[in-house]
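What follows is a short report on a single structure.
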Amino acid sequence: MTEEAAFGSLGDLEERARQRTPADLWAYVAGGSAEERTVAANREAFGRRWLRPRVLRGVESVDLRTELLGRRVAVPWYLCPTAYHGDLLPEGEVATARAAASAGCLAGFSTLSSFSLEEIAGSAPGSPRWFQLYLQPEFEASAELVRRAERAAYDAIALTVDVPLLGVRDRQASGGFAIRTPRPAGNGPTLSSPAREPLPGPPPRRLRADAAATWEMIDRLRAVTSLPLLVKGILRGDDARRAVEHGARGVIVSNHGGRQLDGALAALDALPEVVEAVGGRAEVYLEGGVRRGSDVLIALALGAHGVGLGRPPLWALLAGGEEGLRRYLGLLEEEFLNVMALAGCRSLSEIDRDLVV
């Protein structure tokens with residue numbers, strides 16, 4: 001079987017990836033926190049929405065292009081920043097960057113990448129990309145990461161705010177997973193990494209050094225960079241308003257893929273409140289539970305400016321490496337074009353709340 005033929009459709013991607021992945025690594029990729037109620041809720045939230053397609057709309061031409069924070073892209077989704085792609089395949093985020101660039105798709109890259117942010121940028125020069133920031137115990141370390149991202153021509157900084165401590169990840173603990181890449185974190189071996197902390201113990205040992213951060217941290221970060229700042233990990237309207245008041249250009253509605261607070265609201269269920277609270281003053285993005293083209297349409301109809309893809313790109317890398325990710329992105333684009341046409345939408349501007357019930 002060739003890499004490209006590693007999976008035939010979006011529907012069999014997850015199972016093909018599971019079959020090709022060691023059990024401990026799969027527990028890490030697929031798992032969430034505690035009983036994984038929020039992992040399930042992210043998908044169930046899409047299952048409760050239905051589309052109301054329009055007909056006879058002249059859909060002989062459908063345009064999927066848009067702008068994400070002012071950067072022109074081919075599709076209204078991006079790859080979520082996820083840690084340690086070097087555990088999935090030897091070329092890690094370098095392969096991820098090349099595959100995303102070939103699809104005209106923006107990609108987010110983690111503080112906890114296996115390759116440095118400069119190596120990632122150099123592997124796909126000129127492609128759209130965001131840098132995800134985990135706050136470091138010393139502010140200057142965080143500031144230097146931001147400055148490095150700006151020098152390497154990243155388009156924005158996505159500050160993750162929902163990890164003051166690591167969630168209780170039962171499946172990961174039971175599976176015995178430990179970060180297996182032989183190289184240190186690509187952005188520096190001294191970085192504070194929630195993924196590398198010991199498995200959860202008594203609460204006092206689990207608090208991270210940046211747990212004391214407050215909203216003023218956004219002001220401090222904005223003072224060291226001209227890049228737009230997104231706040232990632234918002235589930236409430238009042239938090240979204242505060243993010244915008246402190247100068248965030250974007251808000252990412254996310255529960256960390258169900259990997260942090262189990263029982264937290266599904267991202268899609270939180271989206272309408274956040275959209276209303278922001279009131280067009282910043283772009284709102286959704287991460288969590290997006291699997292199919294119809295999910296993208298539902299999220300956009302409920303007010304998301306774009307959506308993040310979390311686990312499926314990892315499944316594609318596990319199932320077929322870089323070519324697997326290229327295939328996944330191609331299949332998703334084909335399916336979304338199909339969904340758009342069947343819903344009677346010729347461009348993203350024609351997607352509105354009236355399409356969803």
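Simple scheme: letters A, B, ... for chains in structure tokens order, numbers from 1 for residues in each chain, numbers from 1 for ligands in the order shown.
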Given only C-alpha atoms, how would the per-residue table for segment 77-135 of chain A near segment 208-226 of chain A read, listing every residue at most 12 Å away with its closest atom pair and distance in Å to one decimal, sorted by chain and number, as a Markdown table?
| residue | atom | partner | partner_atom | distance |
| --- | --- | --- | --- | --- |
| A:Leu133 | CA | A:Leu221 | CA | 10.5 |
| A:Tyr134 | CA | A:Asp210 | CA | 8.9 |
| A:Leu135 | CA | A:Asp210 | CA | 6.2 |
Selection file, N, CA and C atoms, as an mmCIF file, in the first residue's frame:
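Saved the output as again09.cif:
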data_model
loop_
_atom_site.group_PDB
_atom_site.id
_atom_site.type_symbol
_atom_site.label_atom_id
_atom_site.label_comp_id
_atom_site.auth_asym_id
_atom_site.auth_seq_id
_atom_site.Cartn_x
_atom_site.Cartn_y
_atom_site.Cartn_z
ATOM 1 N N LEU A 133 2.041 30.177 21.591
ATOM 2 C CA LEU A 133 2.914 30.464 22.723
ATOM 3 C C LEU A 133 2.364 29.884 24.011
ATOM 4 N N TYR A 134 3.175 29.058 24.679
ATOM 5 C CA TYR A 134 2.968 28.727 26.096
ATOM 6 C C TYR A 134 3.821 29.696 26.906
ATOM 7 N N LEU A 135 3.214 30.360 27.870
ATOM 8 C CA LEU A 135 3.971 31.276 28.712
ATOM 9 C C LEU A 135 5.066 30.527 29.457
#
Could you give me, as a tab-separated table, a per-residue list for segment 118-193 of chain A showing, wherever an atom lies at most 8 Å from an atom of segment 67-81 of chain A, the closest pair of atoms and their distance in Å to one decimal, using only C-alpha atoms and sorting by chain then residue number from low to high?
residue	atom	partner	partner_atom	distance
A:Pro128	CA	A:Arg71	CA	7.0
A:Phe131	CA	A:Pro81	CA	7.8
A:Gln132	CA	A:Pro81	CA	6.3
A:Asp155	CA	A:Arg71	CA	7.8
Take atom CA of Val94 of chain A and atom CA of Ile120 of chain A and report the distance between them in Å, one decimal.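 Going from atom CA of Val94 of chain A over to atom CA of Ile120 of chain A, I get 5.2 Å.
In this structure, atom CA of Gly330 of chain A sits 23.2 Å away from atom CA of Gly122 of chain A.
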Would you list the contacts of Ser254 of chain A as a PyMOL selection string, taking every protein, DNA or RNA residue within 8 Å and counting only C-alpha atoms, but skipping same-chain residues closer than 4 positions in sequence? chain A and resi 232-235+267+286-288
Would you please extract all strand (DSSP E) residues from segment 161-348 of chain A, as assigned by DSSP on the backbone, and give them as a list in words?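 Across segment 161-348 of chain A, those assigned strand (DSSP E) are Leu229, Leu230, Val231, Lys232, Gly233, Ile234, Gly250, Val251, Ile252, Val253, Glu283, Val284, Tyr285, Leu286, Glu287, Gly306, Val307, Gly308 and Leu309 of chain A.
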Distance query Ala40 of chain A at most 10 Å, only C-alpha atoms, self and fewer than 5 positions along chain excluded, as a CSV table (one decimal) with all heavy atoms, in the first residue's frame:
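Result written to result.csv:
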chain,number,residue,atom,x,y,z
A,32,GLY,N,-8.1,12.3,26.1
A,32,GLY,CA,-8.5,13.6,26.7
A,32,GLY,C,-8.3,13.5,28.2
A,32,GLY,O,-7.5,12.7,28.7
A,35,GLU,N,-12.7,11.5,32.3
A,35,GLU,CA,-13.6,10.5,31.7
A,35,GLU,C,-13.8,10.9,30.2
A,35,GLU,O,-14.7,10.3,29.5
A,35,GLU,CB,-14.9,10.5,32.4
A,35,GLU,CG,-14.7,9.9,33.8
A,35,GLU,CD,-16.0,9.9,34.6
A,35,GLU,OE1,-17.1,10.3,34.1
A,35,GLU,OE2,-16.0,9.4,35.7
A,45,ALA,N,-21.8,18.0,19.8
A,45,ALA,CA,-22.4,19.4,19.5
A,45,ALA,C,-22.7,19.5,18.0
A,45,ALA,O,-23.6,20.2,17.6
A,45,ALA,CB,-21.4,20.4,20.0
A,257,GLY,N,-9.3,20.6,22.9
A,257,GLY,CA,-9.6,19.3,22.4
A,257,GLY,C,-10.1,18.3,23.5
A,257,GLY,O,-10.0,17.1,23.4
A,258,GLY,N,-10.6,18.9,24.6
A,258,GLY,CA,-11.0,18.0,25.7
A,258,GLY,C,-9.9,17.5,26.5
A,258,GLY,O,-10.1,16.5,27.3
A,263,GLY,N,-15.6,18.0,31.3
A,263,GLY,CA,-16.8,18.6,31.7
A,263,GLY,C,-17.0,20.0,31.2
A,263,GLY,O,-18.0,20.7,31.4
A,266,ALA,N,-18.7,22.2,25.3
A,266,ALA,CA,-18.2,21.9,23.9
A,266,ALA,C,-17.9,23.2,23.2
A,266,ALA,O,-18.6,24.2,23.4
A,266,ALA,CB,-19.3,21.1,23.1
A,289,GLY,N,-13.5,19.3,17.6
A,289,GLY,CA,-14.5,18.4,17.1
A,289,GLY,C,-14.7,18.5,15.6
A,289,GLY,O,-15.6,17.8,15.0
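Among the candidate residues A:Trp26, A:Phe46, A:Trp315, A:Trp130, the one lying nearest to Cys105 of chain A is A:Trp130, with distances computed using only C-alpha atoms.
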Can you pull out the residues contacting segment 83-92 of chain A? Cut-off 6 Å, using only C-alpha atoms, and skip same-chain residues under 3 positions away; I want them as a ChimeraX atom specification. /A:95,110,112-114,181,318
Could you save those same residues with N, CA, C and O atoms as a PDB file, in the first residue's frame?
ATOM      1  N   ALA A  95       7.637  18.407   7.810  1.00  0.00           N
ATOM      2  CA  ALA A  95       6.711  17.768   6.878  1.00  0.00           C
ATOM      3  C   ALA A  95       5.327  18.400   6.959  1.00  0.00           C
ATOM      4  O   ALA A  95       4.665  18.619   5.937  1.00  0.00           O
ATOM      5  N   SER A 110       3.535  24.849  17.461  1.00  0.00           N
ATOM      6  CA  SER A 110       3.560  24.920  18.914  1.00  0.00           C
ATOM      7  C   SER A 110       4.913  25.360  19.463  1.00  0.00           C
ATOM      8  O   SER A 110       5.969  25.074  18.878  1.00  0.00           O
ATOM      9  N   LEU A 112       6.026  23.798  21.743  1.00  0.00           N
ATOM     10  CA  LEU A 112       6.576  22.471  22.032  1.00  0.00           C
ATOM     11  C   LEU A 112       6.765  21.638  20.770  1.00  0.00           C
ATOM     12  O   LEU A 112       6.555  20.433  20.772  1.00  0.00           O
ATOM     13  N   SER A 113       7.162  22.286  19.691  1.00  0.00           N
ATOM     14  CA  SER A 113       7.435  21.558  18.459  1.00  0.00           C
ATOM     15  C   SER A 113       8.741  20.775  18.582  1.00  0.00           C
ATOM     16  O   SER A 113       9.599  21.086  19.405  1.00  0.00           O
ATOM     17  N   SER A 114       8.881  19.753  17.749  1.00  0.00           N
ATOM     18  CA  SER A 114      10.109  18.961  17.722  1.00  0.00           C
ATOM     19  C   SER A 114      11.225  19.680  16.978  1.00  0.00           C
ATOM     20  O   SER A 114      12.401  19.399  17.209  1.00  0.00           O
ATOM     21  N   THR A 181      10.570  11.423  21.405  1.00  0.00           N
ATOM     22  CA  THR A 181      11.543  11.965  20.470  1.00  0.00           C
ATOM     23  C   THR A 181      12.915  12.077  21.132  1.00  0.00           C
ATOM     24  O   THR A 181      13.027  12.523  22.273  1.00  0.00           O
ATOM     25  N   LEU A 318       0.083  10.060  10.940  1.00  0.00           N
ATOM     26  CA  LEU A 318       0.311   8.699  11.418  1.00  0.00           C
ATOM     27  C   LEU A 318      -0.037   7.664  10.349  1.00  0.00           C
ATOM     28  O   LEU A 318       0.622   6.631  10.235  1.00  0.00           O
TER      29      LEU A 318
END
With only C-alpha atoms as the counted atoms, please give the residues lying no more than 9 Å from Glu333 of chain A, apart from itself and same-chain residues fewer than 2 positions off, as JSON, numbers by chain. {"A": [64, 75, 103, 293, 328, 329, 330, 331, 335, 336, 337, 338]}
Which value, in Å to one decimal, gives the distance between atom CA of Arg169 of chain A and atom CA of Val296 of chain A?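 Between atom CA of Arg169 of chain A and atom CA of Val296 of chain A the gap is 27.7 Å.
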Given the choices A:Ala343, A:Val39, A:Ala107, A:Ala277, which gets closest to Leu265 of chain A if the distance is worked out from only C-alpha atoms?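 That would be A:Val39, the residue with the smallest distance to Leu265 of chain A.
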Among the residues A:Ala173, A:Leu297, A:Leu332, A:Val274, the one that comes closest to Asp354 of chain A [using only C-alpha atoms]: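 For Asp354 of chain A, the nearest of the given residues is A:Leu297.
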